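Here is upload_6.csv, consisting of CSV, C-alpha atoms and all ligand atoms:
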```csv
chain,number,residue,atom,x,y,z
A,1,MET,CA,6.2,39.3,12.8
A,2,ILE,CA,8.0,38.2,16.0
A,3,GLN,CA,7.6,34.7,17.2
A,4,GLU,CA,8.1,34.9,21.0
A,5,ALA,CA,9.5,37.8,23.0
A,6,LEU,CA,9.7,38.6,26.7
A,7,THR,CA,9.1,41.7,28.7
A,8,TYR,CA,9.9,42.8,32.3
A,9,ASN,CA,7.1,40.8,34.0
A,10,ASP,CA,8.1,37.6,32.2
A,11,VAL,CA,11.5,37.2,33.7
A,12,LEU,CA,13.4,37.2,37.0
A,13,LEU,CA,17.1,37.4,37.5
A,14,VAL,CA,18.8,34.4,39.2
A,15,PRO,CA,20.5,35.4,42.5
A,16,GLN,CA,24.2,35.0,42.3
A,17,TYR,CA,27.0,34.5,44.9
A,18,SER,CA,27.8,38.0,46.3
A,19,ASP,CA,30.7,39.4,48.2
A,20,ILE,CA,29.1,42.8,48.5
A,21,VAL,CA,29.0,43.5,52.2
A,22,SER,CA,27.2,46.9,52.0
A,23,ARG,CA,25.0,48.2,49.3
A,24,LYS,CA,27.1,51.4,49.5
A,25,GLU,CA,29.8,49.4,47.6
A,26,VAL,CA,27.5,49.4,44.6
A,27,ASP,CA,28.4,52.1,42.1
A,28,LEU,CA,25.6,53.1,39.7
A,29,THR,CA,27.6,55.6,37.6
A,30,SER,CA,26.6,55.8,33.9
A,31,TRP,CA,27.8,58.0,31.1
A,32,LEU,CA,26.5,59.8,28.1
A,33,SER,CA,29.6,60.8,26.1
A,34,ASP,CA,31.7,62.6,28.7
A,35,HIS,CA,28.7,63.5,30.9
A,36,GLN,CA,28.8,61.5,34.0
A,37,PHE,CA,25.7,60.6,36.0
A,38,ARG,CA,25.5,59.2,39.6
A,39,LEU,CA,22.3,57.4,38.7
A,40,PRO,CA,21.2,55.7,35.4
A,41,ILE,CA,17.8,57.4,35.5
A,42,ILE,CA,16.4,59.9,32.9
A,43,ALA,CA,13.0,61.7,33.2
A,44,SER,CA,10.9,61.5,29.9
A,45,PRO,CA,10.6,64.5,27.6
A,46,MET,CA,6.8,64.8,28.2
A,47,ASP,CA,4.8,68.0,29.1
A,48,THR,CA,3.5,66.4,32.3
A,49,ILE,CA,7.0,65.3,33.4
A,50,SER,CA,10.0,67.4,32.5
A,51,GLU,CA,10.4,71.2,32.8
A,52,THR,CA,12.5,73.4,35.1
A,53,LYS,CA,11.7,71.8,38.5
A,54,MET,CA,12.1,68.3,37.3
A,55,ALA,CA,15.4,69.1,35.6
A,56,LYS,CA,16.8,70.7,38.7
A,57,ALA,CA,15.5,67.9,41.0
A,58,MET,CA,16.9,65.2,38.7
A,59,GLY,CA,20.2,67.0,38.5
A,60,GLU,CA,20.3,67.1,42.4
A,61,THR,CA,19.7,63.4,42.6
A,62,GLY,CA,22.4,62.6,40.0
A,63,GLY,CA,20.1,61.7,37.1
A,64,LEU,CA,18.9,63.7,34.2
A,65,ALA,CA,15.6,65.1,32.8
A,66,VAL,CA,15.0,65.9,29.1
A,67,ILE,CA,13.1,69.1,28.6
A,68,HIS,CA,10.1,68.3,26.3
A,69,ARG,CA,9.6,70.0,22.9
A,70,TYR,CA,5.8,70.5,23.0
A,71,ASN,CA,6.0,74.3,23.3
A,72,SER,CA,7.4,77.3,21.4
A,73,VAL,CA,11.2,77.6,20.8
A,74,GLU,CA,11.1,80.7,23.1
A,75,LYS,CA,9.4,78.8,25.9
A,76,GLN,CA,11.7,75.8,25.7
A,77,VAL,CA,14.8,78.1,25.6
A,78,LYS,CA,13.5,79.9,28.7
A,79,ILE,CA,13.2,76.6,30.5
A,80,VAL,CA,16.8,75.8,29.5
A,81,GLU,CA,18.0,79.2,30.7
A,82,SER,CA,16.1,78.8,34.0
A,83,ILE,CA,18.1,75.7,34.8
A,84,ILE,CA,21.4,77.2,33.9
A,85,GLU,CA,20.8,80.7,35.4
A,86,ASP,CA,19.8,79.4,38.7
A,87,PRO,CA,22.2,76.5,39.4
A,88,CYS,CA,21.5,73.8,42.0
A,89,SER,CA,23.4,73.4,45.2
A,90,TYR,CA,26.2,71.4,43.6
A,91,GLY,CA,26.5,73.5,40.4
A,92,ILE,CA,25.0,73.6,36.9
A,93,PRO,CA,23.2,70.4,35.9
A,94,THR,CA,23.8,68.9,32.5
A,95,VAL,CA,20.9,70.2,30.4
A,96,ALA,CA,19.1,67.9,27.9
A,97,ALA,CA,16.3,69.0,25.6
A,98,ALA,CA,14.2,67.5,22.9
A,99,VAL,CA,13.7,68.3,19.3
A,100,GLY,CA,11.7,66.6,16.5
A,101,THR,CA,12.8,65.7,12.9
A,102,SER,CA,10.7,68.2,10.9
A,103,GLY,CA,9.3,71.8,11.1
A,104,ASP,CA,11.4,74.1,13.2
A,105,TYR,CA,13.7,71.4,14.6
A,106,LEU,CA,17.0,72.9,13.3
A,107,GLU,CA,16.1,76.4,14.5
A,108,ARG,CA,15.0,74.8,17.9
A,109,ALA,CA,18.2,72.8,18.2
A,110,ALA,CA,20.4,75.8,17.4
A,111,ALA,CA,18.6,77.9,20.0
A,112,LEU,CA,18.8,75.2,22.7
A,113,VAL,CA,22.5,74.5,22.1
A,114,GLY,CA,23.1,78.3,21.9
A,115,HIS,CA,21.6,78.6,25.4
A,116,GLY,CA,23.5,75.8,27.0
A,117,ALA,CA,21.9,72.5,26.2
A,118,LYS,CA,24.6,69.8,26.0
A,119,ILE,CA,22.4,66.8,25.1
A,120,LEU,CA,19.8,66.9,22.3
A,121,CYS,CA,17.1,64.2,22.3
A,122,VAL,CA,15.7,63.7,18.8
A,123,ASP,CA,12.3,62.6,20.0
A,124,VAL,CA,9.9,60.9,17.6
A,125,ALA,CA,7.6,57.9,18.0
A,126,HIS,CA,9.2,55.9,15.1
A,127,GLY,CA,12.9,56.7,15.0
A,128,HIS,CA,14.0,54.1,12.4
A,129,HIS,CA,12.8,56.5,9.7
A,130,VAL,CA,14.2,58.4,6.7
A,131,LEU,CA,13.4,61.8,8.4
A,132,MET,CA,15.6,60.7,11.4
A,133,LYS,CA,18.4,59.9,9.0
A,134,LEU,CA,18.2,63.4,7.4
A,135,ALA,CA,17.8,65.1,10.8
A,136,LEU,CA,20.9,63.3,12.3
A,137,GLU,CA,22.9,64.2,9.2
A,138,LYS,CA,21.9,67.9,9.5
A,139,LEU,CA,22.4,68.0,13.3
A,140,ARG,CA,25.9,66.5,12.9
A,141,GLU,CA,26.7,69.0,10.2
A,142,LEU,CA,25.5,71.8,12.4
A,143,PHE,CA,27.2,70.8,15.7
A,144,GLY,CA,29.9,68.3,14.9
A,145,ASP,CA,30.8,66.4,18.1
A,146,THR,CA,30.1,69.3,20.4
A,147,VAL,CA,26.6,68.0,21.4
A,148,HIS,CA,25.5,64.5,22.6
A,149,ILE,CA,22.7,63.3,20.3
A,150,MET,CA,20.2,60.9,21.7
A,151,PRO,CA,17.7,59.9,19.0
A,152,GLY,CA,14.8,57.4,19.2
A,153,ASN,CA,12.7,55.4,19.6
A,154,VAL,CA,13.6,52.1,17.9
A,155,ALA,CA,12.5,48.6,18.6
A,156,THR,CA,15.1,46.5,16.8
A,157,LEU,CA,18.8,45.8,16.5
A,158,GLU,CA,18.6,47.1,12.9
A,159,GLY,CA,17.1,50.3,14.1
A,160,TYR,CA,19.7,50.8,16.8
A,161,ASN,CA,22.6,50.1,14.4
A,162,ASP,CA,21.2,52.4,11.8
A,163,LEU,CA,20.7,55.3,14.2
A,164,VAL,CA,24.3,54.8,15.5
A,165,ASP,CA,25.6,54.8,11.8
A,166,TRP,CA,23.6,57.9,11.1
A,167,GLY,CA,25.3,59.7,14.0
A,168,ALA,CA,23.7,58.8,17.4
A,169,ASP,CA,25.7,59.0,20.6
A,170,SER,CA,23.0,57.0,22.5
A,171,VAL,CA,19.7,55.5,21.4
A,172,ARG,CA,16.3,55.5,23.1
A,173,CYS,CA,14.9,51.9,22.7
A,174,ASN,CA,11.4,50.5,22.9
A,175,ILE,CA,8.2,51.1,21.0
A,176,GLY,CA,4.8,50.5,22.4
A,177,GLY,CA,5.5,49.7,26.0
A,178,GLY,CA,4.8,53.0,27.7
A,179,SER,CA,2.1,53.1,30.4
A,180,ILE,CA,0.1,55.7,28.5
A,181,CYS,CA,0.9,54.3,25.1
A,182,SER,CA,-1.8,52.9,22.7
A,183,THR,CA,0.5,52.4,19.7
A,184,ARG,CA,0.2,48.6,19.7
A,185,ILE,CA,-3.6,48.9,19.8
A,186,GLN,CA,-3.8,51.7,17.2
A,187,THR,CA,-1.2,50.4,14.8
A,188,GLY,CA,-0.5,46.7,15.6
A,189,HIS,CA,3.2,47.5,15.9
A,190,GLY,CA,5.6,47.1,18.8
A,191,ILE,CA,7.9,44.7,20.6
A,192,PRO,CA,8.0,43.6,24.2
A,193,GLY,CA,10.4,46.1,25.9
A,194,LEU,CA,12.9,43.8,27.5
A,195,HIS,CA,13.3,41.9,24.2
A,196,THR,CA,14.3,45.1,22.4
A,197,ILE,CA,17.0,45.8,25.0
A,198,ILE,CA,18.4,42.3,24.8
A,199,ASP,CA,18.3,42.6,20.9
A,200,CYS,CA,20.0,46.0,20.8
A,201,ALA,CA,22.6,45.0,23.4
A,202,ARG,CA,23.9,42.3,20.8
A,203,SER,CA,25.2,45.1,18.6
A,204,ASP,CA,28.9,45.6,17.9
A,205,ARG,CA,28.2,49.4,18.0
A,206,ASN,CA,28.9,50.5,21.5
A,207,VAL,CA,26.7,53.5,22.4
A,208,PRO,CA,24.5,53.7,25.5
A,209,ILE,CA,21.1,52.1,25.3
A,210,ILE,CA,18.3,54.0,27.0
A,211,ALA,CA,15.5,51.6,28.1
A,212,ASP,CA,12.4,53.8,27.7
A,213,GLY,CA,8.8,53.1,28.7
A,214,GLY,CA,7.0,50.3,30.6
A,215,ILE,CA,9.2,50.4,33.7
A,216,ARG,CA,7.1,50.1,36.8
A,217,ASN,CA,9.4,49.5,39.7
A,218,SER,CA,13.1,49.3,40.7
A,219,GLY,CA,13.1,45.6,39.8
A,220,ASP,CA,12.2,46.4,36.2
A,221,ILE,CA,15.1,48.9,36.2
A,222,VAL,CA,17.5,46.2,37.4
A,223,LYS,CA,16.2,43.8,34.7
A,224,ALA,CA,16.7,46.5,32.0
A,225,LEU,CA,20.3,47.2,33.1
A,226,ALA,CA,21.0,43.4,33.3
A,227,ALA,CA,19.7,43.1,29.7
A,228,GLY,CA,22.2,45.6,28.5
A,229,ALA,CA,20.7,49.1,29.1
A,230,ASP,CA,22.9,51.9,30.3
A,231,PHE,CA,20.0,54.1,31.5
A,232,VAL,CA,16.3,53.8,32.0
A,233,MET,CA,13.9,56.6,31.0
A,234,LEU,CA,10.8,57.0,33.2
A,235,GLY,CA,7.5,58.7,32.8
A,236,SER,CA,4.8,57.1,34.9
A,237,LEU,CA,7.1,56.4,37.9
A,238,LEU,CA,7.9,60.1,38.2
A,239,SER,CA,4.4,61.3,37.3
A,240,GLY,CA,2.3,63.0,40.1
A,241,THR,CA,5.4,64.2,41.9
A,242,ASP,CA,5.7,67.8,43.2
A,243,GLU,CA,8.2,68.7,40.4
A,244,THR,CA,6.0,67.7,37.5
A,245,PRO,CA,4.4,70.6,35.5
A,246,GLY,CA,0.6,71.1,36.0
A,247,ASP,CA,-1.8,71.9,38.7
A,248,VAL,CA,-2.9,69.7,41.6
A,249,ILE,CA,-6.5,68.5,41.1
A,250,ASN,CA,-8.3,68.4,44.5
A,251,THR,CA,-11.0,65.8,44.8
A,252,ARG,CA,-12.8,64.1,47.6
A,253,GLU,CA,-10.7,61.0,46.9
A,254,GLY,CA,-7.5,63.0,47.3
A,255,LYS,CA,-5.0,65.1,45.3
A,256,PHE,CA,-4.2,64.2,41.7
A,257,LYS,CA,-2.1,65.5,38.8
A,258,ALA,CA,-2.4,64.9,35.0
A,259,TYR,CA,-0.2,62.4,33.2
A,260,ARG,CA,-0.6,62.1,29.5
A,261,GLY,CA,1.0,60.5,26.4
A,262,MET,CA,2.3,63.1,24.0
A,263,ALA,CA,0.2,61.5,21.2
A,264,SER,CA,-3.0,61.6,23.3
A,265,LYS,CA,-5.9,63.7,22.1
A,266,ASP,CA,-5.5,66.1,25.0
A,267,ALA,CA,-1.8,66.7,24.4
A,268,GLN,CA,-2.2,67.0,20.6
A,269,VAL,CA,-5.0,69.4,20.7
A,270,GLU,CA,-3.1,71.6,23.1
A,271,TRP,CA,0.3,71.7,21.3
A,272,ARG,CA,-0.7,71.3,17.6
A,273,GLY,CA,-4.3,72.5,17.7
A,274,ARG,CA,-5.7,69.4,16.1
A,275,THR,CA,-5.3,65.6,16.3
A,276,ALA,CA,-3.4,63.3,14.0
A,277,SER,CA,-3.0,59.5,14.8
A,278,LEU,CA,-4.0,59.0,18.5
A,279,GLU,CA,-1.4,56.7,20.1
A,280,GLY,CA,-1.6,57.8,23.7
A,281,ILE,CA,-4.0,58.3,26.6
A,282,ALA,CA,-4.4,61.0,29.2
A,283,THR,CA,-5.0,60.1,32.8
A,284,THR,CA,-4.6,61.4,36.3
A,285,VAL,CA,-2.4,60.0,39.0
A,286,ALA,CA,-2.3,60.4,42.8
A,287,CYS,CA,0.1,63.0,44.0
A,288,LYS,CA,3.3,61.4,45.2
A,289,GLY,CA,5.3,64.2,47.0
A,290,PRO,CA,8.9,65.2,46.2
A,291,VAL,CA,10.6,63.3,43.3
A,292,ASN,CA,13.8,62.9,45.3
A,293,GLU,CA,12.0,60.5,47.7
A,294,ILE,CA,10.8,58.4,44.7
A,295,ILE,CA,14.3,58.4,43.3
A,296,LEU,CA,15.8,57.4,46.6
A,297,GLU,CA,13.4,54.5,46.9
A,298,LEU,CA,14.3,53.4,43.3
A,299,GLU,CA,18.0,53.8,44.1
A,300,ARG,CA,17.8,51.6,47.1
A,301,GLY,CA,16.0,48.9,45.1
A,302,ILE,CA,18.6,49.1,42.3
A,303,ARG,CA,21.6,48.9,44.7
A,304,SER,CA,20.0,45.9,46.4
A,305,GLY,CA,19.3,44.4,42.9
A,306,LEU,CA,23.0,44.6,41.9
A,307,SER,CA,24.0,43.1,45.3
A,308,TYR,CA,21.7,40.1,44.6
A,309,SER,CA,23.7,39.6,41.4
A,310,GLY,CA,27.0,40.1,43.1
A,311,ALA,CA,27.7,43.1,40.8
A,312,ARG,CA,29.5,46.3,41.9
A,313,HIS,CA,28.9,48.2,38.7
A,314,ILE,CA,26.3,48.2,35.9
A,315,SER,CA,28.8,46.7,33.5
A,316,GLU,CA,29.4,43.8,35.9
A,317,LEU,CA,25.7,43.2,36.1
B,401,LIG,P1,6.2,55.1,31.1
B,401,LIG,O1,7.4,55.3,31.9
B,401,LIG,O2,5.8,53.6,31.0
B,401,LIG,O3,5.0,55.9,31.5
B,401,LIG,O4,6.5,55.5,29.6
B,401,LIG,C1,7.1,56.8,29.2
B,401,LIG,C2,7.5,56.7,27.8
B,401,LIG,O5,6.3,56.6,26.9
B,401,LIG,C3,8.1,58.0,27.3
B,401,LIG,O6,9.4,58.2,27.6
B,401,LIG,C4,7.9,57.9,25.7
B,401,LIG,O7,8.9,57.1,25.1
B,401,LIG,C5,6.6,57.1,25.7
B,401,LIG,N1,5.4,58.0,25.3
B,401,LIG,C6,5.1,59.2,25.7
B,401,LIG,N2,4.0,59.7,25.2
B,401,LIG,C7,3.5,58.6,24.4
B,401,LIG,C8,2.3,58.5,23.6
B,401,LIG,O8,1.4,59.3,23.5
B,401,LIG,N3,2.2,57.3,23.0
B,401,LIG,C9,3.2,56.3,23.0
B,401,LIG,N4,4.3,56.4,23.8
B,401,LIG,C10,4.4,57.6,24.5
```

Show me, as C-alpha cells, the structure contained in the file I just sent.
Amino acid sequence: MIQEALTYNDVLLVPQYSDIVSRKEVDLTSWLSDHQFRLPIIASPMDTISETKMAKAMGETGGLAVIHRYNSVEKQVKIVESIIEDPCSYGIPTVAAAVGTSGDYLERAAALVGHGAKILCVDVAHGHHVLMKLALEKLRELFGDTVHIMPGNVATLEGYNDLVDWGADSVRCNIGGGSICSTRIQTGHGIPGLHTIIDCARSDRNVPIIADGGIRNSGDIVKALAAGADFVMLGSLLSGTDETPGDVINTREGKFKAYRGMASKDAQVEWRGRTASLEGIATTVACKGPVNEIILELERGIRSGLSYSGARHISEL
C-alpha cells in the first residue's frame, strides 16, 4: 500500500528566473531511439483515437500516434500501409503500432514491422507481468535492435526497471489514471500518475518515460515533463477531433463523437465478442475540430511553461 502520493492537480511548479526572451527559443524535441520528434506528444492506441487520419495529423504536427490493436492483423496492416503509401507533405511519418502479449501478437508484430512500422507498443493494462517478460524476449529475438519497443503500462520504479531489463526501449508509465479508466474502482489498484513518473525517473536505466493517462491540459504536460517524462500520451485531450475514428453523432445539444476505454463493455463486446473484467467506460465528447488546432494550443502552453521555469529544453526543465 502507498502512504501518500501526488498527482497533477496536487502540485504546481515554482516559477524560476528566466532569460528566455521569446517562447520560440524553447525547443521541445524528444527522442525514441533514433526517431526524433518536434513535440513530446503521442496519441493513445485506442480505437476512438488512433487510426490513419490521426497518425498522419500527428506526424504533420511533429508528434506521433500509435495505431491501436483492436482489429484484425489485416486491418491494422492496411492502416500502417495507408500512412506509408500516402505520405504527408513533409515525407513519411514514423509509424508506431500496438500489439498485445498473447494470441496472435507475434504474427501481428511481424506483419506490422514487415509493412513499415518502426515502433512497436506492447500494449497491456498490467505490463509488470510474466507474459510481458516472455513477449519482450520473443520480440527481441525476432527483431533484434531494428525496432523500437515501447511496452507498458507500469506504475512503479520496479516495473519500469524490469521492463527495461527485459528489453524495453521506452516505457509507458501510469496505471489507473486515465479519464475513461475504472481500474482503481474495479480492482483497488493504481498509483497517482505524477507519483509514478517521479518514481520511475529515479531509475539508473535511462530510457524514455511516457507519461500516459490523466493529462487534462498543457499545464499537466509541463508537470509530467518536469517530473521526468520524455513524452506524454493523450487520449481524452485528442478525443472528439476530426481525425478520430467514428461517426459524428448529431443531437439537439450539438455534435458529439464516441470516446471509450478499451476495457469498457462497448469496446470489449465489439473486438472480442464478449466481456472479461470491465475496467473502462464509454462516453461521448463534444466535437473539437481539427486536431492540429488542439496540438497548437497545447504546444503554446508547454512552451510558455518551460519559459516560466527558465528552461530551453525538456532536459533543462
Ligand atoms: P486519458 O488521456 O486520460 O483519456 O487516458 C488515456 C489512456 O487511458 C490510454 O493511453 C490508456 O493507457 C488508458 N486506457 C485506455 N483504455 C482504458 C480502459 O478501458 N481502462 C483503463 N485505462 C485505459

Using only C-alpha atoms and all ligand atoms, which residues of chain A come within 8 Å of ligand LIG 401 (chain B), and what is the closest atom pair for each, with the distance in Å to one decimal? Give it as CSV, sorted by chain and residue number.
```
residue,atom,partner,partner_atom,distance
A:Ala43,CA,B:LIG401,O6,7.5
A:Ser44,CA,B:LIG401,O6,4.3
A:Pro45,CA,B:LIG401,O6,6.4
A:Met46,CA,B:LIG401,C6,6.4
A:Ala125,CA,B:LIG401,N4,6.8
A:Asn153,CA,B:LIG401,O7,6.9
A:Arg172,CA,B:LIG401,O7,7.8
A:Asn174,CA,B:LIG401,O7,7.4
A:Ile175,CA,B:LIG401,N4,7.2
A:Gly176,CA,B:LIG401,C9,6.0
A:Gly177,CA,B:LIG401,O2,6.3
A:Gly178,CA,B:LIG401,O2,3.5
A:Ser179,CA,B:LIG401,O2,3.8
A:Ile180,CA,B:LIG401,O3,5.7
A:Cys181,CA,B:LIG401,C9,3.7
A:Ser182,CA,B:LIG401,N3,6.0
A:Thr183,CA,B:LIG401,C9,5.8
A:Asp212,CA,B:LIG401,O6,5.3
A:Gly213,CA,B:LIG401,O4,3.4
A:Gly214,CA,B:LIG401,O2,3.5
A:Ile215,CA,B:LIG401,O2,5.4
A:Arg216,CA,B:LIG401,O2,6.9
A:Met233,CA,B:LIG401,O6,5.9
A:Leu234,CA,B:LIG401,O1,4.0
A:Gly235,CA,B:LIG401,O1,3.5
A:Ser236,CA,B:LIG401,O3,3.6
A:Leu237,CA,B:LIG401,O1,6.1
A:Leu238,CA,B:LIG401,O1,7.9
A:Ser239,CA,B:LIG401,O3,7.9
A:Arg260,CA,B:LIG401,N2,6.7
A:Gly261,CA,B:LIG401,O8,3.2
A:Met262,CA,B:LIG401,O8,3.9
A:Ala263,CA,B:LIG401,O8,3.4
A:Ser264,CA,B:LIG401,O8,5.0
A:Leu278,CA,B:LIG401,O8,7.4
A:Glu279,CA,B:LIG401,N3,4.7
A:Gly280,CA,B:LIG401,O8,3.4
A:Ile281,CA,B:LIG401,O8,6.3
```

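Neighbouring residues of A:Thr275 at 7 Å or closer, counting all atoms listed in the file and skipping chain neighbours under 4 positions away, are Lys265, Gln268 and Val269 of chain A.
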
For the selection you just gave me, I'd like the residues written to a file as a compact mmCIF listing (two decimals), in the frame of the given file, keeping C-alpha atoms.
```
# COMPACT_ATOMS: atom_id res chain seq x y z
CA LYS A 265 -5.90 63.70 22.10
CA GLN A 268 -2.20 67.00 20.60
CA VAL A 269 -5.00 69.40 20.70
```

Discussion item. Set the distance at 9 Å and use only C-alpha atoms: which residues neighbour A:Glu74 once local chain neighbours fewer than 4 positions away are removed? I'd like the list as a ChimeraX atom specification.
Written reply: /A:78-79,108,111

Discussion item. Just want the 10 Å neighbourhood of A:Gly159, counted on all atoms listed in the file, with same-chain residues fewer than 6 positions away dropped. Output as a ChimeraX atom specification.
Written reply: /A:126-129,152-153,165,171,173,200

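Shortest atom-to-atom contact with A:Leu6 among A:Ala135, A:Val207, A:Leu112, A:Ile191: A:Ile191, counting all atoms listed in the file.
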
Practice prompt. Extract, using all atoms listed in the file, all DNA, RNA and protein residues at most 12 Å from A:Val66, discarding same-chain residues fewer than 3 positions from it, and format them as a PyMOL selection string.
Written response: chain A and resi 41-56+58-59+63+69-70+76+79-80+83+93-99+112+117-123+149-150+233-235

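Nearest to A:Leu131 of all the residues A:Asn292, A:Asn161, A:Ala258, A:Pro151 is A:Pro151, based on only C-alpha atoms.
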
Fill in: Between atom CA of A:Asp19 and atom CA of A:Gly310, distance in Å (one decimal)
6.3 Å

Fill in: Ref. answer, residues at most 10 Å from (24.2, 61.0, 33.8) with only C-alpha atoms, as JSON, numbers by chain
{"A": [28, 29, 30, 31, 32, 33, 34, 35, 36, 37, 38, 39, 40, 41, 42, 58, 59, 62, 63, 64, 65, 93, 94, 230, 231]}

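As for atom CA of A:Ser203 and atom CA of A:Ser315, they are spaced 15.4 Å apart.
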
Worksheet item: Smallest atom-to-atom distance to A:Ile314: which of A:Gly246, A:Gly91, A:Gly114, A:Pro208, using only C-alpha atoms?
Response: A:Pro208

Fill in: Gap from atom CA of A:Ala211 to atom CA of A:Ala229 - Å, one decimal
5.9 Å

Practice prompt. Go through A:Ala282, A:Ala311, A:Asp220, A:Asp242 and flag the residue nearest A:Leu298, using all atoms listed in the file for the distances.
Written response: A:Asp220

Discussion item. Show me the residues close to (18.7, 48.6, 44.1) - anything with an atom within 12 Å, counting only C-alpha atoms - and format the list as a PyMOL selection string.
Written reply: chain A and resi 22-28+39-40+217-223+225+295-314+317

Taking all atoms of stretch 73-84 of chain A that appear in the file, build a box with edges along x, y and z, extend it by 4 Å on every side, and state its centre and edge lengths in Å to one decimal, as AutoDock Vina command-line options.
```
--center_x 15.4 --center_y 78.2 --center_z 27.8 --size_x 20.0 --size_y 13.0 --size_z 22.0
```

Incomplete stretch 30-36 of chain A filled out to all heavy atoms as a tab-separated table (two decimals), keeping the file's coordinate frame:
```
chain	number	residue	atom	x	y	z
A	30	SER	N	26.80	56.08	35.37
A	30	SER	CA	26.60	55.80	33.90
A	30	SER	C	26.96	57.05	33.15
A	30	SER	O	26.94	58.15	33.70
A	30	SER	CB	25.18	55.31	33.69
A	30	SER	OG	25.12	54.51	32.55
A	31	TRP	N	27.29	56.89	31.88
A	31	TRP	CA	27.80	58.00	31.10
A	31	TRP	C	27.03	58.20	29.80
A	31	TRP	O	26.60	57.24	29.17
A	31	TRP	CB	29.27	57.68	30.67
A	31	TRP	CG	30.22	57.56	31.81
A	31	TRP	CD1	30.38	56.48	32.64
A	31	TRP	CD2	31.14	58.55	32.27
A	31	TRP	NE1	31.34	56.75	33.58
A	31	TRP	CE2	31.83	58.01	33.37
A	31	TRP	CE3	31.46	59.85	31.85
A	31	TRP	CZ2	32.81	58.71	34.06
A	31	TRP	CZ3	32.43	60.55	32.53
A	31	TRP	CH2	33.10	59.98	33.63
A	32	LEU	N	26.91	59.47	29.40
A	32	LEU	CA	26.50	59.80	28.10
A	32	LEU	C	27.61	60.69	27.49
A	32	LEU	O	27.81	61.82	27.96
A	32	LEU	CB	25.17	60.65	28.10
A	32	LEU	CG	23.92	59.91	28.57
A	32	LEU	CD1	22.75	60.89	28.76
A	32	LEU	CD2	23.52	58.79	27.62
A	33	SER	N	28.38	60.17	26.56
A	33	SER	CA	29.60	60.80	26.10
A	33	SER	C	30.46	61.11	27.36
A	33	SER	O	30.62	60.23	28.22
A	33	SER	CB	29.40	62.04	25.26
A	33	SER	OG	28.66	61.69	24.11
A	34	ASP	N	30.93	62.35	27.52
A	34	ASP	CA	31.70	62.60	28.70
A	34	ASP	C	30.88	63.21	29.86
A	34	ASP	O	31.43	63.75	30.82
A	34	ASP	CB	32.92	63.54	28.39
A	34	ASP	CG	32.50	64.80	27.66
A	34	ASP	OD1	31.30	64.94	27.38
A	34	ASP	OD2	33.37	65.65	27.39
A	35	HIS	N	29.58	63.08	29.78
A	35	HIS	CA	28.70	63.50	30.90
A	35	HIS	C	28.47	62.35	31.82
A	35	HIS	O	27.91	61.33	31.41
A	35	HIS	CB	27.36	64.03	30.35
A	35	HIS	CG	27.50	65.10	29.32
A	35	HIS	ND1	27.93	66.37	29.61
A	35	HIS	CD2	27.31	65.08	27.98
A	35	HIS	CE1	27.98	67.09	28.51
A	35	HIS	NE2	27.61	66.32	27.50
A	36	GLN	N	28.90	62.55	33.07
A	36	GLN	CA	28.80	61.50	34.00
A	36	GLN	C	27.57	61.65	34.92
A	36	GLN	O	27.27	62.77	35.35
A	36	GLN	CB	30.06	61.50	34.93
A	36	GLN	CG	30.12	60.36	35.93
A	36	GLN	CD	31.35	60.46	36.82
A	36	GLN	OE1	32.17	61.35	36.68
A	36	GLN	NE2	31.47	59.52	37.73
```
